[in-house]
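Notes to accompany the following structure.
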Amino acid sequence: MAKTNSKKSLVVVESPAKARTINKYLGSDFEVKSSMGHVRDLPAKNFGVDIEDDFHPTYVINPGRKRTVQSLKAAVEKCGELYLATDLDREGEAIAWHLAQILGVPEERTYRVIFNAITKAAIKQAFAEPGKLDMDKVKAQQARRILDRIVGYQISPLLWKKVARGLSAGRVQSVAVKIVVEREREIRAFKPREYWLIPAVFSTDLQSNYTHEWLDFVTPKSESDKPPTLAEQNKWLFEHNAFKAELAKVGEEKFEASNKEQAEKFFVALKEAEFEVAGIERKESVSQPSPPFITSTLQQTAANRLGFATKRTMRVAQQLYEGINLGSMGYLGLITYMRTDSTDLSSEAINEVRNYISKHIGGDYLPANARVYASKKNAQQAHEAIRPTDVDLTPSEIKPLVTNEQYKLYDLVWRRFVACQMAGAKWDITNVDIAAETSIGRCFYTSTGRVLVFDGFSKIWQTKSSQQQLPVLQKGQRLAPVDIKAEQHFTKPPARYTEGSLVKALEKEGIGRPSTYATIISTIQERGYVEQKDKKFLATDLGEVVTDKLNEYFPRIMDIAFTRYMEEQLDKIEEQHIDWLGVLREFYGPFKQNLDTAAAEMKHAKAEASPSEYKCPKCSKELVYRFGKNGRFLSCSGYPKCKFACPCDREGKQVEVQESEHKCPVCGKVMVYKRGRFGPFLGCSGYPNCKTTLKLDKDGNALPPKPAAKPTGIKCYKCKDGELVIRQSKRGPFLGCNKFPRCRTIISYKVLDKLKQFQEAGQWPPQTPEEANQILGRKKAKRVRNKTKS
């Protein structure tokens, strides 16, 4: 270790959990403290980038981190060397650089230590060979941060003006939304094509008629019953020497039927035919294990197998990496670093897992040579794949000591790692041709069966197989038809993205990096651009409108190939030492031109209309699609002369107005069901002349209307024009300005009598907010808020 004096050395990491785990491996010569994540960044409320001064960034201490910084500065004054032990990726390198800048320890006494796992051996090795800050990594992270700030801060205000307040754009998030929007439009434009199949079930048992028994087994007894699963069907078939097959050829032609009449011709010819085995082909197949996890595959597999959202997966993985309290064993880091795109494994890890397989699973399961997996082109080879830090620490051992979600994710990582170094699973595959002479020629059915001969890696990493097991068959053997039927099918549109498949798409297109996938997916949902239904992503009306605007005026930003190119440029800053300012200059020139054009030419989304197939029921003019605060709706093209409007569903179909049994408490007209940003509600059918609404409870019942605000005669101290009125909330009455929402003054109902006395005495309303706060007893609270903001 690089100690140069007798003082303690200060070690800084990002989190208390990581600090706690590392502290047990370092002696009394070290003091370990946490920075609690990022301590410095671009300002939250200002642009913070001087474009004219060659993109010079202005960094500020993050809100809530001032005490942390003060504590670190106090600690560093008492210490000799400074060891920055933040994570080993770009983000961690940037945190380390910011800490070095803030703490001001001379470079010769500042060291950078990196480790892939928080274990005693890894920590000791890292501190025995400390390095210096990797400024290429820092520059790559700075470039990414400034690019994202430019796009976010310069496009978002435009969206506020032209679409709706509160929206944001992002260099990567907007392209992710575009991927979901394009899939939604593919589904919408999809035209299903009809086709027919003529499947059959055959049995080798010629003496028994299983038809009624089979049909009784597969047919649900009631609407609430579910049909048997594929595995249950395969079990039944195997027990009855039966198997499924599909009609493949008629004569020398491939079987195809696009309507019922065509299918019926084949079905009629087949249902009275006799069938025999025309050919059998047997072969052995070996399925190999998947590589150990990288970030994207861990997120995909956790989503598919555990139902974990990407954000949840990364949160739990972070806990496992930083260290878990395992009772008498203390705090242990259970997995290696979880943000990686490399499938590499250290030679020590490979030796350990091969010894484990040989000792605990069996020699037959250990291949002659260790498996080596090739990483993708841009992977960082200095990183390792995600694996357990100690393969001998099995999931069952730690289960009583960790949470359920920690156990599930550790079990997934452990099994994938062990399986990746095991022997392949061996299968016997049988392909069978079944022939029948019919009135339309010789017809051929085909069937495939698969039998597991040696389970190999699947002993640890279970995989589901939907393939049937065929009975013993011989060429020329006659078969009894159990069931033959003509089935109508339609081609299906592409599937909507799930969390797992969206991560896979982002990775395939080179959008974002392993450390950003979870943030991208959570951000586009929080912004309201996409939503999840049945674990599938659907683009919202807002997402489509914003995507169209950005596509039109910022084609480079929204181009997937350009986004991929920018990610590659950021990688080159780190790996090939290209000029990071040059990357920013190359980006900003064309971007600024697009920005100026958009500011001058972009129309407001609410001013645009697109035609529909519907007519206005009031004036018979065309209805058009418009965009409002609650999304897309149908409106009369004769607006404002005709103000008819009605909702439409996700596919753009008109939603018929559904009347309720309730009357409007204001005008007496019928209340109708409507849907807004917060779900369904009742609105007056006399809208827009009457704007009364009623909330609905979770069962769809109308809630009584809120009582009308009661005037108090007390002047509002903020706007000076309004008066305070008594309003009702869940917590009881309060005083609010009758000029709401223009004026949002809120005062406690408890001071009503006091305010009346002050107004009668001519002391209310006061001239300034400070005087009002003093009268209301808010002086202390105001000081606390000011202190927080500073």
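Labels used: A, B, ... for chains in the order of the structure tokens, numbers from 1 for residues in each chain, and numbers from 1 for ligands as shown.
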Range 372-377 of chain A: which residues within 7 Å, counting only C-alpha atoms, same-chain residues fewer than 3 positions away excluded, as a compact mmCIF listing (two decimals) with N, CA and C atoms, in the first residue's frame?
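File produced: out-v3.txt:
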# COMPACT_ATOMS: atom_id res chain seq x y z
N PRO A 291 -23.97 -17.97 -21.52
CA PRO A 291 -22.85 -17.32 -20.84
C PRO A 291 -23.27 -16.78 -19.47
N SER A 342 -19.24 -7.36 -20.09
CA SER A 342 -18.22 -8.38 -20.41
C SER A 342 -18.63 -9.73 -19.83
N THR A 343 -18.43 -10.78 -20.63
CA THR A 343 -18.71 -12.15 -20.15
C THR A 343 -17.43 -12.84 -19.66
N ASP A 344 -16.34 -12.08 -19.54
CA ASP A 344 -15.07 -12.65 -19.06
C ASP A 344 -15.20 -13.13 -17.62
Can you tell me which residues surround range 274-286 of chain A at a distance of at most 12 Å, considering only C-alpha atoms, apart from same-chain residues fewer than 3 positions away, and format the answer as a short mmCIF file (atom, residue, chain, number, x, y, z; two decimals) with all heavy atoms, in the first residue's frame?
data_model
loop_
_atom_site.label_atom_id
_atom_site.label_comp_id
_atom_site.auth_asym_id
_atom_site.auth_seq_id
_atom_site.Cartn_x
_atom_site.Cartn_y
_atom_site.Cartn_z
N ALA A 200 -53.33 -33.37 -36.07
CA ALA A 200 -53.88 -34.69 -35.75
C ALA A 200 -53.20 -35.24 -34.51
O ALA A 200 -52.09 -34.82 -34.15
CB ALA A 200 -53.68 -35.64 -36.92
N VAL A 201 -53.90 -36.15 -33.85
CA VAL A 201 -53.32 -36.93 -32.76
C VAL A 201 -53.39 -38.39 -33.17
O VAL A 201 -54.46 -38.87 -33.57
CB VAL A 201 -54.09 -36.70 -31.44
CG1 VAL A 201 -53.55 -37.63 -30.34
CG2 VAL A 201 -54.00 -35.25 -30.99
N PHE A 202 -52.25 -39.08 -33.11
CA PHE A 202 -52.19 -40.49 -33.48
C PHE A 202 -51.76 -41.33 -32.28
O PHE A 202 -51.06 -40.84 -31.39
CB PHE A 202 -51.17 -40.72 -34.61
CG PHE A 202 -51.52 -40.01 -35.89
CD1 PHE A 202 -50.79 -38.90 -36.30
CD2 PHE A 202 -52.56 -40.44 -36.68
CE1 PHE A 202 -51.09 -38.24 -37.47
CE2 PHE A 202 -52.88 -39.80 -37.87
CZ PHE A 202 -52.14 -38.68 -38.26
N SER A 203 -52.17 -42.59 -32.31
CA SER A 203 -51.77 -43.53 -31.26
C SER A 203 -51.28 -44.82 -31.90
O SER A 203 -51.76 -45.21 -32.99
CB SER A 203 -52.94 -43.84 -30.33
OG SER A 203 -52.60 -44.86 -29.41
N THR A 204 -50.33 -45.48 -31.24
CA THR A 204 -49.86 -46.78 -31.73
C THR A 204 -50.77 -47.91 -31.27
O THR A 204 -50.64 -49.05 -31.72
CB THR A 204 -48.43 -47.05 -31.23
OG1 THR A 204 -48.43 -47.01 -29.80
CG2 THR A 204 -47.45 -46.02 -31.77
N LEU A 206 -53.80 -49.75 -31.60
CA LEU A 206 -54.87 -49.93 -32.59
C LEU A 206 -56.12 -50.56 -31.98
O LEU A 206 -57.20 -50.51 -32.60
CB LEU A 206 -54.37 -50.79 -33.75
CG LEU A 206 -53.13 -50.27 -34.49
CD1 LEU A 206 -52.74 -51.24 -35.60
CD2 LEU A 206 -53.39 -48.89 -35.07
N ALA A 245 -49.25 -34.41 -34.40
CA ALA A 245 -48.56 -34.24 -35.68
C ALA A 245 -49.27 -33.15 -36.49
O ALA A 245 -50.44 -32.83 -36.23
CB ALA A 245 -48.54 -35.55 -36.46
N ALA A 269 -60.90 -35.41 -47.01
CA ALA A 269 -60.10 -36.49 -47.58
C ALA A 269 -59.33 -37.25 -46.51
O ALA A 269 -59.08 -38.46 -46.63
CB ALA A 269 -59.15 -35.93 -48.63
N LEU A 270 -58.93 -36.57 -45.43
CA LEU A 270 -58.08 -37.18 -44.42
C LEU A 270 -58.85 -37.94 -43.34
O LEU A 270 -58.32 -38.90 -42.76
CB LEU A 270 -57.23 -36.09 -43.73
CG LEU A 270 -56.05 -35.56 -44.54
CD1 LEU A 270 -55.57 -34.23 -43.95
CD2 LEU A 270 -54.91 -36.57 -44.54
N LYS A 271 -60.08 -37.52 -43.04
CA LYS A 271 -60.74 -38.08 -41.85
C LYS A 271 -61.09 -39.56 -41.98
O LYS A 271 -61.31 -40.23 -40.98
CB LYS A 271 -61.96 -37.25 -41.48
CG LYS A 271 -63.10 -37.29 -42.44
CD LYS A 271 -64.25 -36.43 -41.92
CE LYS A 271 -65.46 -36.49 -42.84
NZ LYS A 271 -66.57 -35.68 -42.30
N PRO A 289 -24.90 -24.44 -22.32
CA PRO A 289 -25.35 -23.42 -21.36
C PRO A 289 -25.13 -22.01 -21.91
O PRO A 289 -24.29 -21.79 -22.78
CB PRO A 289 -24.48 -23.67 -20.13
CG PRO A 289 -23.25 -24.35 -20.66
CD PRO A 289 -23.70 -25.17 -21.82
N ALA A 423 -21.28 -29.27 -18.30
CA ALA A 423 -21.41 -29.98 -19.57
C ALA A 423 -22.77 -29.70 -20.20
O ALA A 423 -23.73 -29.33 -19.51
CB ALA A 423 -21.24 -31.48 -19.35
N GLY A 424 -22.85 -29.87 -21.50
CA GLY A 424 -24.10 -29.64 -22.21
C GLY A 424 -25.14 -30.71 -21.89
O GLY A 424 -24.82 -31.81 -21.45
N ALA A 425 -26.41 -30.38 -22.14
CA ALA A 425 -27.50 -31.34 -21.96
C ALA A 425 -27.67 -32.11 -23.27
O ALA A 425 -27.68 -31.51 -24.35
CB ALA A 425 -28.78 -30.62 -21.59
N LYS A 426 -27.81 -33.44 -23.17
CA LYS A 426 -27.91 -34.28 -24.37
C LYS A 426 -29.35 -34.75 -24.57
O LYS A 426 -30.01 -35.18 -23.62
CB LYS A 426 -26.98 -35.48 -24.25
CG LYS A 426 -25.51 -35.09 -24.22
CD LYS A 426 -24.60 -36.30 -24.07
CE LYS A 426 -23.14 -35.89 -24.00
NZ LYS A 426 -22.25 -37.08 -23.81
N TRP A 427 -29.80 -34.69 -25.81
CA TRP A 427 -31.16 -35.06 -26.17
C TRP A 427 -31.15 -36.05 -27.33
O TRP A 427 -30.31 -35.95 -28.22
CB TRP A 427 -31.96 -33.83 -26.61
CG TRP A 427 -32.04 -32.74 -25.59
CD1 TRP A 427 -31.11 -31.78 -25.33
CD2 TRP A 427 -33.13 -32.49 -24.70
NE1 TRP A 427 -31.54 -30.95 -24.33
CE2 TRP A 427 -32.78 -31.35 -23.93
CE3 TRP A 427 -34.36 -33.11 -24.48
CZ2 TRP A 427 -33.62 -30.83 -22.95
CZ3 TRP A 427 -35.20 -32.58 -23.51
CH2 TRP A 427 -34.83 -31.47 -22.76
N ASP A 428 -32.09 -36.98 -27.29
CA ASP A 428 -32.38 -37.82 -28.45
C ASP A 428 -33.59 -37.23 -29.16
O ASP A 428 -34.66 -37.10 -28.56
CB ASP A 428 -32.68 -39.27 -28.03
CG ASP A 428 -31.41 -40.08 -27.84
OD1 ASP A 428 -30.35 -39.60 -28.28
OD2 ASP A 428 -31.48 -41.17 -27.25
N ILE A 429 -33.40 -36.86 -30.41
CA ILE A 429 -34.48 -36.24 -31.18
C ILE A 429 -34.95 -37.21 -32.26
O ILE A 429 -34.13 -37.79 -32.98
CB ILE A 429 -34.02 -34.91 -31.81
CG1 ILE A 429 -33.67 -33.91 -30.70
CG2 ILE A 429 -35.08 -34.34 -32.73
CD1 ILE A 429 -33.15 -32.60 -31.19
N THR A 430 -36.26 -37.39 -32.34
CA THR A 430 -36.84 -38.28 -33.35
C THR A 430 -37.79 -37.49 -34.24
O THR A 430 -38.71 -36.83 -33.73
CB THR A 430 -37.61 -39.44 -32.69
OG1 THR A 430 -36.74 -40.13 -31.79
CG2 THR A 430 -38.14 -40.41 -33.73
N ASN A 431 -37.54 -37.53 -35.54
CA ASN A 431 -38.44 -36.92 -36.52
C ASN A 431 -39.17 -38.03 -37.27
O ASN A 431 -38.54 -38.97 -37.76
CB ASN A 431 -37.67 -36.06 -37.52
CG ASN A 431 -37.00 -34.87 -36.86
OD1 ASN A 431 -37.63 -34.19 -36.06
ND2 ASN A 431 -35.74 -34.63 -37.18
N VAL A 432 -40.50 -37.92 -37.33
CA VAL A 432 -41.33 -38.98 -37.93
C VAL A 432 -42.17 -38.41 -39.06
O VAL A 432 -42.75 -37.32 -38.93
CB VAL A 432 -42.26 -39.61 -36.87
CG1 VAL A 432 -43.10 -40.72 -37.48
CG2 VAL A 432 -41.46 -40.14 -35.70
N ASP A 433 -42.23 -39.16 -40.17
CA ASP A 433 -43.16 -38.84 -41.26
C ASP A 433 -44.28 -39.86 -41.24
O ASP A 433 -44.03 -41.08 -41.17
CB ASP A 433 -42.45 -38.89 -42.62
CG ASP A 433 -41.48 -37.73 -42.79
OD1 ASP A 433 -41.74 -36.66 -42.22
OD2 ASP A 433 -40.45 -37.91 -43.47
N ILE A 434 -45.52 -39.40 -41.29
CA ILE A 434 -46.70 -40.28 -41.31
C ILE A 434 -47.41 -40.06 -42.64
O ILE A 434 -47.68 -38.91 -43.01
CB ILE A 434 -47.65 -39.99 -40.14
CG1 ILE A 434 -46.90 -40.20 -38.80
CG2 ILE A 434 -48.89 -40.85 -40.19
CD1 ILE A 434 -46.77 -38.98 -37.98
N ALA A 435 -47.70 -41.13 -43.36
CA ALA A 435 -48.30 -41.01 -44.69
C ALA A 435 -49.70 -41.60 -44.71
O ALA A 435 -50.03 -42.51 -43.94
CB ALA A 435 -47.42 -41.69 -45.73
N ALA A 436 -50.52 -41.06 -45.63
CA ALA A 436 -51.88 -41.59 -45.84
C ALA A 436 -52.24 -41.42 -47.31
O ALA A 436 -52.02 -40.36 -47.90
CB ALA A 436 -52.87 -40.85 -44.96
N GLU A 437 -52.78 -42.48 -47.92
CA GLU A 437 -53.29 -42.40 -49.29
C GLU A 437 -54.71 -41.86 -49.23
O GLU A 437 -55.57 -42.42 -48.54
CB GLU A 437 -53.28 -43.77 -49.95
CG GLU A 437 -51.89 -44.39 -50.11
CD GLU A 437 -51.03 -43.64 -51.12
OE1 GLU A 437 -51.59 -42.81 -51.89
OE2 GLU A 437 -49.80 -43.86 -51.15
N THR A 438 -54.98 -40.77 -49.93
CA THR A 438 -56.30 -40.15 -49.90
C THR A 438 -56.78 -39.84 -51.31
O THR A 438 -56.03 -40.01 -52.29
CB THR A 438 -56.28 -38.82 -49.10
OG1 THR A 438 -55.59 -37.83 -49.88
CG2 THR A 438 -55.59 -38.98 -47.76
N SER A 439 -58.01 -39.37 -51.41
CA SER A 439 -58.60 -39.04 -52.71
C SER A 439 -57.91 -37.84 -53.38
O SER A 439 -58.05 -37.63 -54.58
CB SER A 439 -60.10 -38.73 -52.54
OG SER A 439 -60.27 -37.66 -51.62
N ARG A 442 -51.30 -38.51 -51.95
CA ARG A 442 -50.60 -38.99 -50.75
C ARG A 442 -50.30 -37.79 -49.84
O ARG A 442 -49.65 -36.83 -50.25
CB ARG A 442 -49.31 -39.69 -51.17
CG ARG A 442 -48.60 -40.45 -50.04
CD ARG A 442 -47.48 -41.30 -50.66
NE ARG A 442 -46.61 -41.90 -49.68
CZ ARG A 442 -46.84 -43.03 -49.02
NH1 ARG A 442 -47.96 -43.69 -49.26
NH2 ARG A 442 -45.96 -43.51 -48.16
N CYS A 443 -50.78 -37.87 -48.60
CA CYS A 443 -50.60 -36.78 -47.63
C CYS A 443 -49.58 -37.19 -46.57
O CYS A 443 -49.54 -38.35 -46.15
CB CYS A 443 -51.93 -36.43 -46.96
SG CYS A 443 -53.16 -35.77 -48.10
N PHE A 444 -48.79 -36.22 -46.14
CA PHE A 444 -47.74 -36.48 -45.16
C PHE A 444 -47.90 -35.60 -43.93
O PHE A 444 -47.99 -34.37 -44.03
CB PHE A 444 -46.36 -36.23 -45.76
CG PHE A 444 -45.99 -37.22 -46.83
CD1 PHE A 444 -46.29 -36.95 -48.15
CD2 PHE A 444 -45.34 -38.40 -46.51
CE1 PHE A 444 -45.95 -37.86 -49.15
CE2 PHE A 444 -44.99 -39.31 -47.51
CZ PHE A 444 -45.30 -39.05 -48.83
N TYR A 445 -47.97 -36.25 -42.77
CA TYR A 445 -47.88 -35.55 -41.48
C TYR A 445 -46.45 -35.66 -40.97
O TYR A 445 -45.74 -36.63 -41.28
CB TYR A 445 -48.82 -36.18 -40.45
CG TYR A 445 -50.23 -35.65 -40.49
CD1 TYR A 445 -51.17 -36.17 -41.38
CD2 TYR A 445 -50.63 -34.63 -39.64
CE1 TYR A 445 -52.46 -35.68 -41.42
CE2 TYR A 445 -51.92 -34.13 -39.65
CZ TYR A 445 -52.83 -34.65 -40.55
OH TYR A 445 -54.10 -34.16 -40.58
N THR A 446 -46.02 -34.66 -40.19
CA THR A 446 -44.71 -34.73 -39.55
C THR A 446 -44.87 -34.52 -38.05
O THR A 446 -45.78 -33.81 -37.60
CB THR A 446 -43.72 -33.67 -40.08
OG1 THR A 446 -44.24 -32.38 -39.81
CG2 THR A 446 -43.50 -33.85 -41.57
N SER A 447 -43.98 -35.14 -37.29
CA SER A 447 -43.99 -34.97 -35.83
C SER A 447 -42.56 -35.09 -35.32
O SER A 447 -41.73 -35.78 -35.92
CB SER A 447 -44.86 -36.03 -35.17
OG SER A 447 -44.92 -35.82 -33.77
N THR A 448 -42.28 -34.38 -34.24
CA THR A 448 -40.95 -34.41 -33.62
C THR A 448 -41.10 -34.66 -32.14
O THR A 448 -41.98 -34.09 -31.47
CB THR A 448 -40.21 -33.07 -33.84
OG1 THR A 448 -40.05 -32.85 -35.24
CG2 THR A 448 -38.84 -33.09 -33.18
N GLY A 449 -40.25 -35.53 -31.62
CA GLY A 449 -40.21 -35.79 -30.18
C GLY A 449 -38.80 -35.64 -29.67
O GLY A 449 -37.83 -35.83 -30.42
N ARG A 450 -38.67 -35.30 -28.41
CA ARG A 450 -37.34 -35.09 -27.83
C ARG A 450 -37.29 -35.72 -26.45
O ARG A 450 -38.19 -35.51 -25.64
CB ARG A 450 -37.03 -33.60 -27.75
CG ARG A 450 -35.59 -33.30 -27.41
CD ARG A 450 -35.27 -31.83 -27.63
NE ARG A 450 -35.77 -30.98 -26.57
CZ ARG A 450 -35.20 -29.83 -26.20
NH1 ARG A 450 -34.15 -29.39 -26.85
NH2 ARG A 450 -35.72 -29.11 -25.24
N VAL A 451 -36.24 -36.49 -26.17
CA VAL A 451 -36.06 -37.16 -24.88
C VAL A 451 -34.72 -36.74 -24.30
O VAL A 451 -33.69 -36.79 -24.99
CB VAL A 451 -36.11 -38.69 -25.02
CG1 VAL A 451 -35.91 -39.36 -23.65
CG2 VAL A 451 -37.42 -39.13 -25.64
N LEU A 452 -34.74 -36.32 -23.05
CA LEU A 452 -33.51 -35.92 -22.36
C LEU A 452 -32.72 -37.17 -21.96
O LEU A 452 -33.20 -38.00 -21.21
CB LEU A 452 -33.85 -35.09 -21.12
CG LEU A 452 -32.66 -34.50 -20.33
CD1 LEU A 452 -31.90 -33.49 -21.18
CD2 LEU A 452 -33.15 -33.85 -19.04
N VAL A 453 -31.50 -37.26 -22.48
CA VAL A 453 -30.63 -38.40 -22.20
C VAL A 453 -29.70 -38.10 -21.03
O VAL A 453 -29.45 -38.93 -20.16
CB VAL A 453 -29.82 -38.78 -23.45
CG1 VAL A 453 -28.88 -39.95 -23.16
CG2 VAL A 453 -30.74 -39.12 -24.60
N PHE A 454 -29.16 -36.88 -21.03
CA PHE A 454 -28.26 -36.44 -19.95
C PHE A 454 -28.58 -34.98 -19.65
O PHE A 454 -28.53 -34.13 -20.54
CB PHE A 454 -26.80 -36.60 -20.38
CG PHE A 454 -25.80 -36.04 -19.40
CD1 PHE A 454 -25.67 -36.58 -18.13
CD2 PHE A 454 -25.00 -34.95 -19.75
CE1 PHE A 454 -24.76 -36.05 -17.22
CE2 PHE A 454 -24.08 -34.43 -18.84
CZ PHE A 454 -23.97 -34.98 -17.58
N ASP A 455 -28.90 -34.69 -18.38
CA ASP A 455 -29.39 -33.34 -18.08
C ASP A 455 -28.32 -32.26 -18.11
O ASP A 455 -28.60 -31.09 -18.37
CB ASP A 455 -30.14 -33.32 -16.74
CG ASP A 455 -29.32 -33.88 -15.59
OD1 ASP A 455 -28.15 -34.25 -15.80
OD2 ASP A 455 -29.84 -33.93 -14.46
N GLY A 456 -27.05 -32.61 -17.84
CA GLY A 456 -25.98 -31.62 -17.94
C GLY A 456 -26.27 -30.37 -17.13
O GLY A 456 -26.71 -30.43 -15.98
N PHE A 457 -26.02 -29.21 -17.76
CA PHE A 457 -26.20 -27.92 -17.05
C PHE A 457 -27.63 -27.69 -16.59
O PHE A 457 -27.86 -26.93 -15.64
CB PHE A 457 -25.75 -26.76 -17.96
CG PHE A 457 -26.73 -26.45 -19.06
CD1 PHE A 457 -27.74 -25.51 -18.87
CD2 PHE A 457 -26.65 -27.10 -20.28
CE1 PHE A 457 -28.65 -25.23 -19.87
CE2 PHE A 457 -27.55 -26.82 -21.29
CZ PHE A 457 -28.56 -25.89 -21.08
N SER A 458 -28.61 -28.35 -17.24
CA SER A 458 -30.01 -28.11 -16.87
C SER A 458 -30.34 -28.68 -15.49
O SER A 458 -31.41 -28.41 -14.94
CB SER A 458 -30.96 -28.70 -17.92
OG SER A 458 -30.88 -30.10 -17.96
N LEU A 470 -42.13 -39.15 -28.02
CA LEU A 470 -42.84 -40.07 -28.91
C LEU A 470 -42.79 -41.49 -28.36
O LEU A 470 -41.82 -41.89 -27.71
CB LEU A 470 -42.20 -40.04 -30.30
CG LEU A 470 -42.20 -38.71 -31.05
CD1 LEU A 470 -41.55 -38.86 -32.42
CD2 LEU A 470 -43.61 -38.18 -31.21
N VAL A 472 -42.49 -45.70 -28.95
CA VAL A 472 -41.59 -46.48 -29.82
C VAL A 472 -42.29 -46.69 -31.16
O VAL A 472 -43.43 -47.16 -31.22
CB VAL A 472 -41.24 -47.83 -29.18
CG1 VAL A 472 -40.38 -48.66 -30.12
CG2 VAL A 472 -40.53 -47.59 -27.85
N LEU A 473 -41.60 -46.32 -32.24
CA LEU A 473 -42.20 -46.39 -33.59
C LEU A 473 -41.28 -47.16 -34.53
O LEU A 473 -40.06 -47.16 -34.36
CB LEU A 473 -42.44 -44.98 -34.14
CG LEU A 473 -43.44 -44.09 -33.37
CD1 LEU A 473 -43.37 -42.66 -33.88
CD2 LEU A 473 -44.86 -44.64 -33.51
N GLN A 474 -41.90 -47.80 -35.53
CA GLN A 474 -41.14 -48.50 -36.56
C GLN A 474 -41.69 -48.13 -37.93
O GLN A 474 -42.89 -47.85 -38.08
CB GLN A 474 -41.25 -50.02 -36.38
CG GLN A 474 -40.59 -50.53 -35.10
CD GLN A 474 -40.75 -52.04 -34.95
OE1 GLN A 474 -41.52 -52.66 -35.69
NE2 GLN A 474 -40.02 -52.61 -34.02
N LYS A 475 -40.82 -48.11 -38.92
CA LYS A 475 -41.25 -47.78 -40.27
C LYS A 475 -42.27 -48.82 -40.75
O LYS A 475 -42.09 -50.03 -40.56
CB LYS A 475 -40.06 -47.75 -41.22
CG LYS A 475 -40.40 -47.22 -42.59
CD LYS A 475 -39.15 -47.09 -43.47
CE LYS A 475 -39.53 -46.56 -44.84
NZ LYS A 475 -38.33 -46.42 -45.72
N GLY A 476 -43.34 -48.33 -41.36
CA GLY A 476 -44.41 -49.20 -41.85
C GLY A 476 -45.48 -49.49 -40.82
O GLY A 476 -46.51 -50.11 -41.14
N GLN A 477 -45.28 -49.08 -39.57
CA GLN A 477 -46.24 -49.34 -38.50
C GLN A 477 -47.52 -48.54 -38.73
O GLN A 477 -47.49 -47.37 -39.06
CB GLN A 477 -45.61 -48.95 -37.16
CG GLN A 477 -46.48 -49.21 -35.94
CD GLN A 477 -45.77 -48.84 -34.64
OE1 GLN A 477 -44.63 -48.38 -34.66
NE2 GLN A 477 -46.43 -49.05 -33.52
N ARG A 478 -48.67 -49.19 -38.56
CA ARG A 478 -49.97 -48.52 -38.70
C ARG A 478 -50.26 -47.70 -37.44
O ARG A 478 -49.88 -48.08 -36.34
CB ARG A 478 -51.08 -49.53 -38.93
CG ARG A 478 -51.14 -50.08 -40.37
CD ARG A 478 -52.41 -50.89 -40.55
NE ARG A 478 -53.60 -50.07 -40.32
CZ ARG A 478 -54.82 -50.55 -40.00
NH1 ARG A 478 -54.98 -51.87 -39.88
NH2 ARG A 478 -55.85 -49.75 -39.81
N LEU A 479 -50.96 -46.60 -37.63
CA LEU A 479 -51.32 -45.71 -36.53
C LEU A 479 -52.81 -45.46 -36.53
O LEU A 479 -53.44 -45.37 -37.60
CB LEU A 479 -50.58 -44.36 -36.66
CG LEU A 479 -49.05 -44.42 -36.62
CD1 LEU A 479 -48.47 -43.05 -36.95
CD2 LEU A 479 -48.55 -44.89 -35.25
N ALA A 480 -53.37 -45.34 -35.32
CA ALA A 480 -54.80 -45.05 -35.19
C ALA A 480 -54.99 -43.55 -34.98
O ALA A 480 -54.40 -42.98 -34.07
CB ALA A 480 -55.37 -45.82 -34.01
N PRO A 481 -55.83 -42.89 -35.82
CA PRO A 481 -56.10 -41.46 -35.61
C PRO A 481 -57.01 -41.28 -34.38
O PRO A 481 -58.07 -41.89 -34.28
CB PRO A 481 -56.80 -41.04 -36.89
CG PRO A 481 -57.39 -42.29 -37.45
CD PRO A 481 -56.50 -43.41 -37.03
N VAL A 482 -56.57 -40.46 -33.43
CA VAL A 482 -57.35 -40.16 -32.24
C VAL A 482 -58.20 -38.91 -32.47
O VAL A 482 -59.36 -38.84 -32.09
CB VAL A 482 -56.42 -39.96 -31.01
CG1 VAL A 482 -57.21 -39.52 -29.78
CG2 VAL A 482 -55.65 -41.24 -30.73
N ILE A 484 -58.55 -35.65 -35.57
CA ILE A 484 -58.14 -34.84 -36.72
C ILE A 484 -59.15 -33.72 -36.86
O ILE A 484 -60.36 -33.94 -36.81
CB ILE A 484 -58.10 -35.67 -38.03
CG1 ILE A 484 -57.07 -36.79 -37.92
CG2 ILE A 484 -57.76 -34.77 -39.22
CD1 ILE A 484 -57.02 -37.68 -39.15
#
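Considering the residues A:Cys737, A:Glu107, A:His56, A:Lys459 and counting only C-alpha atoms, Asp364 in chain A has its shortest atom-to-atom contact with A:Lys459.
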| Residues of range 174-268 of chain A in strand (DSSP E) according to DSSP, as a VMD selection string? | chain A and resid 194 to 197 199 to 203 242 to 250 253 to 254
| field | All residues 8 Å or closer to range 225-241 of chain A, only C-alpha atoms, same chain fewer than 5 positions away omitted, as a PyMOL selection string | value | chain A and resi 203-205+217-220+466-471
| task | For Ala140 in chain A, work out the shell of residues within 7 Å, counting only C-alpha atoms and skipping chain neighbours fewer than 2 positions away, then give it as a list of chain:residue names. | result |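 These residues fall inside the cut-off: A:Asp136, A:Lys137, A:Val138, A:Gln142, A:Ala143, A:Arg144, A:Leu570, A:Ile573, A:Glu574, A:Trp580.
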